[in-house]
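Engineer: I'd like to ask you about the structure that follows.
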Amino acid sequence: MGDLLDWIISFLFLVTLLIIVIYQLTCLADLEFDRKNPYDSSASINRLFLPEFGLQGLLCLYYVLTGHWFMTVLSLPHLFYNIKLYVKREHLADVTEIYNTNKWEQKKRVYKIAHIALSIFITSFWLIHSALGDI
């Protein structure tokens, strides 16, 4: 039962991360189609960098504490990429440069979504496997 609860919590972490990144991608798409101004779009994206980075760090720590080593190794590249962005001070969307970097920012979010989707797929597999094993 404990392993099932671990996978459920992991699944909830990943779904929350997915929602945050999809919202950021939506803000960038709204900017591209002139539905939002650069200031509002940047403010919306910058407001979510701390929850995204913190949640990714907590997820990686959670995998370490629960002993799911494969998922830890799978989530480390995303965590290290976020740390690299933070150290280089490239984690915030700049209001003055957001039009120039919009395509690149969208590509980064799409790659993050693909990585999170892969993690959700693997977590769903282990969630179902654990649920069937408890029957």
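Simple scheme: letters A, B, ... for chains in structure tokens order, numbers from 1 for residues in each chain, numbers from 1 for ligands in the order shown.
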Can you pull out the residues contacting His115 in chain A? Cut-off 9 Å, using only C-alpha atoms, and skip same-chain residues under 5 positions away; I want them as a list in words.

Structural biologist: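 These residues fall inside the cut-off: Leu74, Ser75, His78, Val110 and Ile120 of chain A.
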
Engineer: Mind writing the picked residues with N, CA, C and O atoms as a short mmCIF file (atom, residue, chain, number, x, y, z; two decimals), in the first residue's frame?

Structural biologist:
data_model
loop_
_atom_site.label_atom_id
_atom_site.label_comp_id
_atom_site.auth_asym_id
_atom_site.auth_seq_id
_atom_site.Cartn_x
_atom_site.Cartn_y
_atom_site.Cartn_z
N LEU A 74 15.85 9.90 -13.95
CA LEU A 74 15.07 10.47 -15.04
C LEU A 74 14.72 11.94 -14.79
O LEU A 74 14.67 12.73 -15.72
N SER A 75 14.51 12.31 -13.55
CA SER A 75 14.12 13.69 -13.25
C SER A 75 15.31 14.62 -13.02
O SER A 75 15.14 15.84 -12.99
N HIS A 78 16.08 17.49 -15.84
CA HIS A 78 15.16 18.63 -15.75
C HIS A 78 15.55 19.53 -14.57
O HIS A 78 15.56 20.76 -14.69
N VAL A 110 8.02 23.24 -24.60
CA VAL A 110 7.58 22.00 -25.27
C VAL A 110 8.47 20.83 -24.86
O VAL A 110 7.98 19.72 -24.60
N ILE A 120 5.15 11.08 -16.56
CA ILE A 120 3.77 10.72 -16.20
C ILE A 120 3.44 9.34 -16.74
O ILE A 120 2.79 8.53 -16.05
#

Engineer: Could you give me, as a ChimeraX atom specification, the residues within 12 Å of range 22-35 of chain A, counting only C-alpha atoms and dropping anything in the same chain fewer than 4 positions from it?

Structural biologist: /A:15-18,39-49,52,92-93,95,98-114,116-117

Engineer: From a DSSP pass on the backbone, collect the residues of chain A flagged as alpha helix (DSSP H) and hand them back as number ranges by chain.

Structural biologist: A: 2-32, 38-47, 49-66, 69-87, 98-133

Engineer: Which residues, written as a VMD selection string, have at least one atom at most 12 Å from Ser130 in chain A, with only C-alpha atoms counted and residues fewer than 6 positions away on the same chain left out?

Structural biologist: chain A and resid 1 to 8 123 to 124

Engineer: Just the selected residues (N, CA, C and O atoms), exported as a tab-separated table (two decimals), in the first residue's frame, please.

Structural biologist:
chain	number	residue	atom	x	y	z
A	1	MET	N	0.83	-1.20	0.00
A	1	MET	CA	0.00	0.00	0.00
A	1	MET	C	0.87	1.26	0.00
A	1	MET	O	0.50	2.26	-0.59
A	2	GLY	N	2.02	1.20	0.66
A	2	GLY	CA	2.89	2.36	0.73
A	2	GLY	C	3.44	2.75	-0.63
A	2	GLY	O	3.57	3.93	-0.95
A	3	ASP	N	3.78	1.74	-1.43
A	3	ASP	CA	4.31	2.02	-2.77
A	3	ASP	C	3.25	2.65	-3.65
A	3	ASP	O	3.55	3.54	-4.45
A	4	LEU	N	2.01	2.23	-3.50
A	4	LEU	CA	0.91	2.81	-4.27
A	4	LEU	C	0.73	4.28	-3.92
A	4	LEU	O	0.57	5.13	-4.80
A	5	LEU	N	0.82	4.60	-2.64
A	5	LEU	CA	0.70	5.99	-2.20
A	5	LEU	C	1.85	6.84	-2.74
A	5	LEU	O	1.65	8.00	-3.13
A	6	ASP	N	3.05	6.25	-2.78
A	6	ASP	CA	4.21	6.96	-3.35
A	6	ASP	C	3.96	7.34	-4.79
A	6	ASP	O	4.26	8.47	-5.21
A	7	TRP	N	3.42	6.42	-5.57
A	7	TRP	CA	3.19	6.70	-6.98
A	7	TRP	C	2.05	7.68	-7.19
A	7	TRP	O	2.08	8.49	-8.14
A	8	ILE	N	1.04	7.65	-6.31
A	8	ILE	CA	-0.06	8.62	-6.42
A	8	ILE	C	0.45	10.03	-6.14
A	8	ILE	O	0.13	10.97	-6.87
A	123	THR	N	5.23	6.85	-14.51
A	123	THR	CA	4.59	6.85	-13.19
A	123	THR	C	3.23	6.16	-13.25
A	123	THR	O	2.88	5.41	-12.33
A	124	SER	N	2.48	6.38	-14.32
A	124	SER	CA	1.18	5.72	-14.47
A	124	SER	C	1.35	4.21	-14.56
A	124	SER	O	0.56	3.46	-13.97
